[in-house]
file entry-v4.cif (mmCIF, C-alpha atoms and all ligand atoms)
data_model
loop_
_atom_site.label_atom_id
_atom_site.label_comp_id
_atom_site.auth_asym_id
_atom_site.auth_seq_id
_atom_site.Cartn_x
_atom_site.Cartn_y
_atom_site.Cartn_z
CA MET U 13 -16.90 17.93 -2.44
CA ILE U 14 -15.04 16.45 -5.38
CA VAL U 15 -12.35 18.25 -7.38
CA LEU U 16 -12.00 16.50 -10.72
CA LYS U 17 -9.33 17.15 -13.32
CA LEU U 18 -9.96 16.10 -16.89
CA GLY U 19 -6.46 15.65 -18.26
CA GLY U 20 -5.80 17.60 -21.44
CA SER U 21 -4.49 14.50 -23.17
CA ALA U 22 -7.65 12.61 -22.19
CA ILE U 23 -10.00 15.02 -23.97
CA THR U 24 -7.86 16.25 -26.90
CA ASP U 25 -5.77 14.67 -29.61
CA LYS U 26 -2.45 15.57 -28.04
CA ASP U 27 -0.46 15.10 -31.24
CA ARG U 28 -2.57 17.38 -33.50
CA ALA U 29 -2.68 21.10 -32.81
CA GLU U 30 -5.91 22.38 -31.28
CA THR U 31 -7.83 19.20 -31.99
CA LEU U 32 -10.45 17.81 -29.67
CA ASP U 33 -10.85 14.10 -28.98
CA GLY U 34 -14.57 14.51 -29.49
CA GLU U 35 -15.49 10.96 -28.54
CA ALA U 36 -13.48 11.09 -25.32
CA LEU U 37 -14.96 14.44 -24.30
CA GLU U 38 -18.48 13.17 -25.03
CA SER U 39 -17.85 10.08 -22.96
CA ALA U 40 -16.41 12.09 -20.04
CA SER U 41 -19.41 14.42 -20.19
CA ASP U 42 -21.79 11.43 -20.26
CA ALA U 43 -20.09 9.97 -17.18
CA ILE U 44 -20.33 13.28 -15.29
CA ALA U 45 -23.99 13.79 -16.23
CA THR U 46 -24.89 10.21 -15.29
CA ALA U 47 -23.09 10.47 -11.94
CA LEU U 48 -24.85 13.73 -11.08
CA GLU U 49 -28.27 12.33 -11.99
CA ALA U 50 -27.64 9.22 -9.90
CA SER U 51 -26.34 11.12 -6.87
CA ALA U 52 -28.41 11.46 -3.69
CA GLU U 53 -28.69 15.21 -4.26
CA PRO U 54 -28.83 15.83 -8.03
CA GLY U 55 -29.51 19.57 -7.48
CA ASN U 56 -26.38 19.93 -5.39
CA PRO U 57 -23.49 18.54 -7.47
CA ASN U 58 -20.68 19.59 -5.07
CA LEU U 59 -18.26 19.20 -7.94
CA VAL U 60 -15.50 21.43 -9.30
CA ILE U 61 -13.92 20.52 -12.64
CA VAL U 62 -10.50 21.60 -13.90
CA HIS U 63 -9.28 20.66 -17.35
CA GLY U 64 -5.79 20.65 -18.79
CA GLY U 65 -4.59 21.81 -22.17
CA GLY U 66 -3.55 18.77 -24.21
CA SER U 67 -3.22 19.98 -27.81
CA PHE U 68 -4.64 23.37 -26.78
CA GLY U 69 -2.29 25.75 -24.97
CA HIS U 70 0.89 23.69 -24.59
CA ALA U 71 2.17 24.13 -28.15
CA ASN U 72 1.20 27.83 -28.05
CA ALA U 73 3.06 28.28 -24.75
CA SER U 74 6.07 26.40 -26.08
CA ASP U 75 6.12 28.51 -29.30
CA HIS U 76 6.26 31.67 -27.17
CA GLY U 77 8.80 30.23 -24.71
CA VAL U 78 6.37 30.54 -21.81
CA THR U 79 6.39 27.93 -19.00
CA THR U 80 5.44 27.90 -15.32
CA THR U 81 8.67 29.81 -14.59
CA GLU U 82 9.65 31.48 -17.91
CA GLY U 83 7.45 34.51 -18.38
CA SER U 84 6.54 36.86 -21.21
CA HIS U 85 5.23 40.41 -21.61
CA ASP U 86 4.28 39.82 -25.26
CA ILE U 87 0.60 40.67 -25.62
CA ASP U 88 0.25 38.41 -28.69
CA ALA U 89 1.60 35.50 -26.66
CA VAL U 90 -0.88 36.25 -23.89
CA HIS U 91 -3.87 36.21 -26.20
CA ASP U 92 -2.63 33.24 -28.21
CA ILE U 93 -2.10 30.98 -25.16
CA HIS U 94 -5.06 32.19 -23.08
CA GLY U 95 -7.26 32.20 -26.18
CA ALA U 96 -6.43 28.55 -26.95
CA MET U 97 -7.37 27.54 -23.41
CA LYS U 98 -10.60 29.54 -23.51
CA THR U 99 -11.51 27.81 -26.78
CA LEU U 100 -11.05 24.39 -25.17
CA ASN U 101 -12.98 25.55 -22.08
CA GLY U 102 -15.86 26.55 -24.38
CA PHE U 103 -15.93 23.04 -25.90
CA VAL U 104 -15.91 21.38 -22.46
CA LEU U 105 -18.69 23.66 -21.19
CA SER U 106 -20.88 23.12 -24.21
CA ARG U 107 -20.66 19.30 -23.95
CA LEU U 108 -21.57 19.46 -20.25
CA ILE U 109 -24.40 21.94 -20.70
CA GLU U 110 -25.87 19.80 -23.52
CA ARG U 111 -26.23 17.09 -20.87
CA ASP U 112 -27.86 19.42 -18.32
CA VAL U 113 -24.76 19.67 -16.13
CA PRO U 114 -24.96 23.24 -14.70
CA ALA U 115 -21.38 24.06 -15.76
CA VAL U 116 -20.03 27.62 -15.54
CA PRO U 117 -16.63 28.96 -16.67
CA VAL U 118 -13.87 30.26 -14.40
CA HIS U 119 -10.80 31.59 -16.22
CA PRO U 120 -7.81 31.58 -13.82
CA PHE U 121 -6.08 34.36 -15.82
CA SER U 122 -8.79 36.77 -14.68
CA THR U 123 -8.51 35.88 -10.99
CA ALA U 124 -5.18 34.28 -10.08
CA SER U 125 -1.60 35.62 -9.97
CA ARG U 126 1.90 34.68 -8.88
CA ASP U 127 4.17 36.68 -6.60
CA GLN U 128 7.90 37.20 -7.31
CA SER U 129 8.75 33.81 -5.83
CA GLY U 130 6.25 32.13 -8.15
CA ARG U 131 3.76 31.32 -5.41
CA LEU U 132 0.25 30.99 -6.82
CA GLU U 133 -2.49 33.17 -5.35
CA LEU U 134 -5.90 31.75 -6.36
CA PRO U 135 -8.98 33.43 -4.90
CA THR U 136 -11.67 30.78 -4.43
CA GLY U 137 -14.60 32.73 -2.93
CA GLN U 138 -16.43 32.87 -6.25
CA VAL U 139 -15.91 29.12 -6.83
CA GLU U 140 -17.30 28.37 -3.36
CA THR U 141 -20.38 30.51 -3.98
CA MET U 142 -20.93 28.91 -7.39
CA VAL U 143 -20.79 25.46 -5.79
CA SER U 144 -23.13 26.41 -2.96
CA GLU U 145 -25.57 27.81 -5.54
CA GLY U 146 -25.62 24.45 -7.34
CA PHE U 147 -23.29 25.27 -10.25
CA VAL U 148 -20.33 23.22 -11.44
CA PRO U 149 -17.38 25.60 -11.93
CA VAL U 150 -15.08 24.57 -14.78
CA LEU U 151 -11.54 25.97 -14.50
CA HIS U 152 -8.59 25.22 -16.76
CA GLY U 153 -4.82 25.36 -17.02
CA ASP U 154 -4.10 28.92 -18.11
CA LEU U 155 -1.74 31.85 -17.92
CA VAL U 156 -1.48 33.96 -14.80
CA SER U 157 0.08 37.36 -14.25
CA HIS U 158 3.43 36.89 -12.51
CA ALA U 159 5.19 39.67 -10.58
CA GLU U 160 8.23 40.88 -12.58
CA ARG U 161 7.85 38.20 -15.28
CA GLY U 162 4.70 39.24 -17.15
CA VAL U 163 2.71 36.04 -17.46
CA THR U 164 3.56 32.40 -16.77
CA VAL U 165 1.63 29.16 -17.17
CA VAL U 166 -0.46 27.72 -14.36
CA SER U 167 -1.09 24.00 -14.78
CA GLY U 168 -4.42 22.39 -14.07
CA ASP U 169 -2.64 20.29 -11.44
CA GLU U 170 -1.59 23.37 -9.49
CA LEU U 171 -5.18 24.61 -9.64
CA VAL U 172 -6.48 21.24 -8.45
CA ALA U 173 -4.09 21.32 -5.49
CA GLU U 174 -5.07 24.89 -4.52
CA LEU U 175 -8.79 24.21 -4.90
CA ALA U 176 -8.61 20.94 -2.96
CA ARG U 177 -6.94 22.77 -0.06
CA ALA U 178 -9.11 25.88 -0.09
CA LEU U 179 -12.41 24.03 -0.53
CA GLU U 180 -11.37 21.18 1.78
CA ALA U 181 -12.25 18.64 -0.89
CA ASP U 182 -13.10 15.15 0.24
CA ARG U 183 -11.87 13.56 -2.96
CA VAL U 184 -9.59 14.54 -5.80
CA GLY U 185 -9.62 12.74 -9.13
CA LEU U 186 -7.31 12.97 -12.13
CA CYS U 187 -8.85 11.47 -15.23
CA SER U 188 -5.99 10.54 -17.55
CA THR U 189 -5.31 8.63 -20.79
CA VAL U 190 -3.85 5.75 -18.77
CA PRO U 191 -5.71 3.60 -16.21
CA GLY U 192 -3.42 4.88 -13.43
CA VAL U 193 0.32 5.26 -12.87
CA LEU U 194 1.97 2.30 -14.58
CA ASP U 195 5.08 0.45 -13.44
CA ASP U 196 7.79 -0.82 -15.84
CA ASP U 197 5.61 -3.82 -16.74
CA ASP U 198 2.63 -1.55 -17.49
CA VAL U 199 0.79 -2.72 -14.39
CA VAL U 200 -1.19 -0.06 -12.50
CA ILE U 201 0.54 0.91 -9.23
CA GLU U 202 -2.25 0.80 -6.67
CA ARG U 203 -0.81 3.23 -4.14
CA ILE U 204 1.93 5.89 -4.18
CA THR U 205 3.08 7.40 -0.90
CA THR U 206 6.36 9.05 -1.92
CA LEU U 207 7.86 10.31 -5.17
CA GLU U 208 11.18 8.53 -4.57
CA GLY U 209 9.62 5.10 -4.77
CA VAL U 210 8.26 5.71 -8.27
CA ALA U 211 10.47 8.44 -9.78
CA ASP U 212 12.06 6.00 -12.25
CA VAL U 213 8.72 4.93 -13.76
CA LEU U 214 7.30 8.46 -13.99
CA GLY U 215 8.75 9.29 -17.40
CA GLU U 216 8.52 12.63 -19.15
CA SER U 217 5.47 13.17 -21.33
CA GLU U 218 6.09 12.28 -24.98
CA SER U 219 4.20 15.21 -26.48
CA THR U 220 4.76 18.91 -25.88
CA ASP U 221 3.87 19.45 -22.23
CA VAL U 222 5.24 22.64 -20.71
CA THR U 223 4.04 21.69 -17.23
CA GLY U 224 5.98 18.45 -16.78
CA GLY U 225 4.01 15.23 -17.39
CA MET U 226 3.12 12.54 -14.85
CA ALA U 227 5.95 13.24 -12.37
CA ALA U 228 4.67 16.80 -11.80
CA LYS U 229 1.11 15.50 -11.43
CA VAL U 230 2.06 12.96 -8.78
CA ALA U 231 4.23 15.51 -6.93
CA ALA U 232 1.31 17.98 -6.78
CA LEU U 233 -1.06 15.26 -5.53
CA LEU U 234 1.38 14.06 -2.85
CA ASP U 235 1.33 17.60 -1.48
CA LEU U 236 -2.39 17.39 -0.66
CA ASP U 237 -4.13 16.48 2.58
CA ALA U 238 -6.89 14.76 0.60
CA GLU U 239 -6.49 11.35 -0.96
CA ALA U 240 -6.19 11.61 -4.73
CA THR U 241 -6.91 9.07 -7.44
CA ILE U 242 -5.50 8.80 -10.97
CA PHE U 243 -7.58 6.72 -13.36
CA GLY U 244 -8.56 6.33 -17.02
CA LEU U 245 -11.61 7.69 -18.78
CA ASP U 246 -13.42 4.33 -18.56
CA GLU U 247 -13.32 4.59 -14.78
CA LEU U 248 -14.63 8.16 -14.47
CA GLU U 249 -18.18 7.09 -13.67
CA ALA U 250 -16.91 4.62 -11.04
CA PHE U 251 -14.75 7.33 -9.44
CA LEU U 252 -17.67 9.76 -9.31
CA ALA U 253 -19.83 7.02 -7.78
CA GLY U 254 -17.39 6.76 -4.86
CA GLU U 255 -14.98 4.03 -5.99
CA ARG U 256 -11.17 4.31 -6.07
CA PRO U 257 -10.06 2.90 -9.39
CA GLY U 258 -6.50 3.25 -10.71
CA THR U 259 -3.75 4.66 -8.51
CA THR U 260 -4.30 6.27 -5.13
CA VAL U 261 -1.76 8.96 -4.23
CA TYR U 262 -1.58 9.84 -0.56
O1 LIG U 301 -2.41 20.75 -19.26
C1 LIG U 301 -1.59 23.77 -19.21
O2 LIG U 301 -2.44 23.08 -18.32
P1 LIG U 301 -2.13 21.55 -18.03
C2 LIG U 301 -2.11 25.14 -19.62
O3 LIG U 301 -3.03 21.20 -16.89
C3 LIG U 301 -1.27 25.82 -20.66
O4 LIG U 301 -0.69 21.42 -17.61
C4 LIG U 301 -1.60 27.21 -20.95
C5 LIG U 301 -0.29 25.28 -21.33
#
call {"tool": "encode", "arguments": {"input": "entry-v4.cif", "output": "structure tokens"}}
result
Amino acid sequence: MIVLKLGGSAITDKDRAETLDGEALESASDAIATALEASAEPGNPNLVIVHGGGSFGHANASDHGVTTTEGSHDIDAVHDIHGAMKTLNGFVLSRLIERDVPAVPVHPFSTASRDQSGRLELPTGQVETMVSEGFVPVLHGDLVSHAERGVTVVSGDELVAELARALEADRVGLCSTVPGVLDDDDVVIERITTLEGVADVLGESESTDVTGGMAAKVAALLDLDAEATIFGLDELEAFLAGERPGTTVY
């Protein structure tokens, strides 16, 4: 079982509102389709995809003052933010389906929630059944209902962490715009075992990112039992073929 996150900045133009990076999304979809065709069991993909927001969702959330902890009860905010993420999800699904990847949508807003302490509750029974029936569920960063705060943002990274645990994933991959986590000299750090060792090189994201950039991603991955890999789009096919390009976080 592989849980794969397609980073929002890898598949959208992060600096232009609600704009897809069409070429990047096509190339990611090609890599996924090729890997599934080449796998030992093409009819049994054993793959769950989660995508982030990039230029969809983050600016909307920021405009409405909604983050993973700051909530809102404004119904327009809910539909604006969730709607942007559903639009992107539709684009991702259509590119995959065009390539015969049996992708199906799962909108976390309709299934997940947070309790008063902010703990995420993500039911995964439907995702498991989809996978065992040969589908590729495609989830996305989204809003979730949050006890006493209305709605808050759930990042794709949180979803990846929850799914990896619940589905006992063998491998977790984060496909990013960079070839891995880079040190001060822009060299890919091969392995990260603690946040302390790399906190100074994990800068904040330069574009609007309400869920915290690379530091939050690495923190979420360090929390997992499974080994996780951060790599660039060019390495997606290699990752899906079983290699460990980029940075391994464990
Ligand atoms: O890009 C963010 O998901 P992420 C989702 O995975 C929203 O952090 C609604 C901003």
call {"tool": "residues_near_point", "arguments": {"input": "entry-v4.cif", "point": "(-15.9, 16.1, -23.2)", "cutoff": "8 Å", "atoms": "only C-alpha atoms", "output": "JSON, numbers by chain"}}
result
{"U": [23, 33, 34, 35, 36, 37, 38, 39, 40, 41, 103, 104, 107, 108]}
call {"tool": "closest_residue", "arguments": {"input": "entry-v4.cif", "among": "U:Val118, U:Val261, U:Ala159, U:Leu18", "to": "Leu233 in chain U", "atoms": "all atoms listed in the file"}}
result
U:Val261
call {"tool": "axis_aligned_box", "arguments": {"input": "entry-v4.cif", "around": "range 86-103 of chain U", "padding_each_side": "4 Å", "output": "lines of an AutoDock Vina configuration file"}}
result
center_x = -5.8
center_y = 31.9
center_z = -25.4
size_x = 28.2
size_y = 25.6
size_z = 14.6
call {"tool": "closest_residue", "arguments": {"input": "entry-v4.cif", "among": "U:Val199, U:Leu59, U:Met226, U:Leu134", "to": "ligand LIG 301 (chain U)", "atoms": "only C-alpha atoms and all ligand atoms"}}
result
U:Met226
call {"tool": "atom_distance", "arguments": {"input": "entry-v4.cif", "atom1": "CA of Gly64 in chain U", "atom2": "CA of Ala227 in chain U"}}
result
15.3 Å
call {"tool": "residues_around", "arguments": {"input": "entry-v4.cif", "residues": "Arg126 in chain U", "least_positions_apart": "2", "cutoff": "8 Å", "atoms": "all atoms listed in the file", "output": "NGL selection string"}}
result
:U and (124 or 128-133 or 156-159)
call {"tool": "residues_near_ligand", "arguments": {"input": "entry-v4.cif", "ligand": "ligand LIG 301 (chain U)", "cutoff": "7 Å", "atoms": "all atoms listed in the file", "output": "PDB file with C-alpha atoms, in the frame of the given file"}}
result
ATOM      1  CA  GLY U  19      -6.460  15.650 -18.260  1.00  0.00           C
ATOM      2  CA  GLY U  20      -5.800  17.600 -21.440  1.00  0.00           C
ATOM      3  CA  HIS U  63      -9.280  20.660 -17.350  1.00  0.00           C
ATOM      4  CA  GLY U  64      -5.790  20.650 -18.790  1.00  0.00           C
ATOM      5  CA  GLY U  65      -4.590  21.810 -22.170  1.00  0.00           C
ATOM      6  CA  GLY U  66      -3.550  18.770 -24.210  1.00  0.00           C
ATOM      7  CA  GLY U  69      -2.290  25.750 -24.970  1.00  0.00           C
ATOM      8  CA  HIS U  70       0.890  23.690 -24.590  1.00  0.00           C
ATOM      9  CA  ALA U  73       3.060  28.280 -24.750  1.00  0.00           C
ATOM     10  CA  ILE U  93      -2.100  30.980 -25.160  1.00  0.00           C
ATOM     11  CA  HIS U  94      -5.060  32.190 -23.080  1.00  0.00           C
ATOM     12  CA  MET U  97      -7.370  27.540 -23.410  1.00  0.00           C
ATOM     13  CA  HIS U 152      -8.590  25.220 -16.760  1.00  0.00           C
ATOM     14  CA  GLY U 153      -4.820  25.360 -17.020  1.00  0.00           C
ATOM     15  CA  ASP U 154      -4.100  28.920 -18.110  1.00  0.00           C
ATOM     16  CA  LEU U 155      -1.740  31.850 -17.920  1.00  0.00           C
ATOM     17  CA  VAL U 165       1.630  29.160 -17.170  1.00  0.00           C
ATOM     18  CA  VAL U 166      -0.460  27.720 -14.360  1.00  0.00           C
ATOM     19  CA  SER U 167      -1.090  24.000 -14.780  1.00  0.00           C
ATOM     20  CA  GLY U 168      -4.420  22.390 -14.070  1.00  0.00           C
ATOM     21  CA  ASP U 169      -2.640  20.290 -11.440  1.00  0.00           C
ATOM     22  CA  ASP U 221       3.870  19.450 -22.230  1.00  0.00           C
ATOM     23  CA  VAL U 222       5.240  22.640 -20.710  1.00  0.00           C
ATOM     24  CA  THR U 223       4.040  21.690 -17.230  1.00  0.00           C
TER      25      THR U 223
END
call {"tool": "build_atoms", "arguments": {"input": "entry-v4.cif", "residues": "range 231-250 of chain U", "atoms": "N, CA, C and O atoms", "output": "compact mmCIF listing (two decimals), in the frame of the given file"}}
result
# COMPACT_ATOMS: atom_id res chain seq x y z
N ALA U 231 3.63 14.64 -7.96
CA ALA U 231 4.23 15.51 -6.93
C ALA U 231 3.16 16.45 -6.37
O ALA U 231 3.06 16.63 -5.15
N ALA U 232 2.35 17.04 -7.24
CA ALA U 232 1.31 17.98 -6.78
C ALA U 232 0.28 17.25 -5.92
O ALA U 232 -0.20 17.78 -4.91
N LEU U 233 -0.05 16.01 -6.29
CA LEU U 233 -1.06 15.26 -5.53
C LEU U 233 -0.52 14.82 -4.17
O LEU U 233 -1.26 14.78 -3.18
N LEU U 234 0.78 14.48 -4.12
CA LEU U 234 1.38 14.06 -2.85
C LEU U 234 1.36 15.19 -1.82
O LEU U 234 1.40 14.95 -0.62
N ASP U 235 1.32 16.41 -2.33
CA ASP U 235 1.33 17.60 -1.48
C ASP U 235 0.00 17.84 -0.76
O ASP U 235 -0.09 18.68 0.11
N LEU U 236 -1.05 17.12 -1.18
CA LEU U 236 -2.39 17.39 -0.66
C LEU U 236 -2.67 16.68 0.65
O LEU U 236 -2.08 15.64 0.94
N ASP U 237 -3.63 17.20 1.41
CA ASP U 237 -4.13 16.48 2.58
C ASP U 237 -5.13 15.41 2.14
O ASP U 237 -5.24 14.36 2.76
N ALA U 238 -5.86 15.71 1.07
CA ALA U 238 -6.89 14.76 0.60
C ALA U 238 -6.25 13.62 -0.18
O ALA U 238 -5.18 13.77 -0.77
N GLU U 239 -6.94 12.48 -0.16
CA GLU U 239 -6.49 11.35 -0.96
C GLU U 239 -6.86 11.63 -2.42
O GLU U 239 -7.95 12.10 -2.70
N ALA U 240 -5.93 11.34 -3.32
CA ALA U 240 -6.19 11.61 -4.73
C ALA U 240 -6.10 10.31 -5.53
O ALA U 240 -5.39 9.39 -5.16
N THR U 241 -6.84 10.28 -6.63
CA THR U 241 -6.91 9.07 -7.44
C THR U 241 -6.64 9.41 -8.90
O THR U 241 -7.21 10.36 -9.42
N ILE U 242 -5.78 8.63 -9.53
CA ILE U 242 -5.50 8.80 -10.97
C ILE U 242 -6.07 7.58 -11.69
O ILE U 242 -5.77 6.45 -11.33
N PHE U 243 -6.90 7.83 -12.69
CA PHE U 243 -7.58 6.72 -13.36
C PHE U 243 -7.85 7.09 -14.81
O PHE U 243 -7.70 8.25 -15.21
N GLY U 244 -8.26 6.09 -15.60
CA GLY U 244 -8.56 6.33 -17.02
C GLY U 244 -10.01 6.74 -17.22
O GLY U 244 -10.85 6.63 -16.32
N LEU U 245 -10.27 7.20 -18.43
CA LEU U 245 -11.61 7.69 -18.78
C LEU U 245 -12.71 6.65 -18.51
O LEU U 245 -13.81 7.00 -18.05
N ASP U 246 -12.41 5.38 -18.76
CA ASP U 246 -13.42 4.33 -18.56
C ASP U 246 -13.86 4.22 -17.11
O ASP U 246 -14.90 3.62 -16.82
N GLU U 247 -13.03 4.73 -16.21
CA GLU U 247 -13.32 4.59 -14.78
C GLU U 247 -13.92 5.86 -14.17
O GLU U 247 -14.13 5.94 -12.97
N LEU U 248 -14.15 6.88 -15.01
CA LEU U 248 -14.63 8.16 -14.47
C LEU U 248 -15.95 8.01 -13.72
O LEU U 248 -16.13 8.55 -12.62
N GLU U 249 -16.88 7.26 -14.32
CA GLU U 249 -18.18 7.09 -13.67
C GLU U 249 -18.01 6.38 -12.32
O GLU U 249 -18.64 6.78 -11.33
N ALA U 250 -17.14 5.36 -12.29
CA ALA U 250 -16.91 4.62 -11.04
C ALA U 250 -16.32 5.56 -9.99
O ALA U 250 -16.74 5.56 -8.83
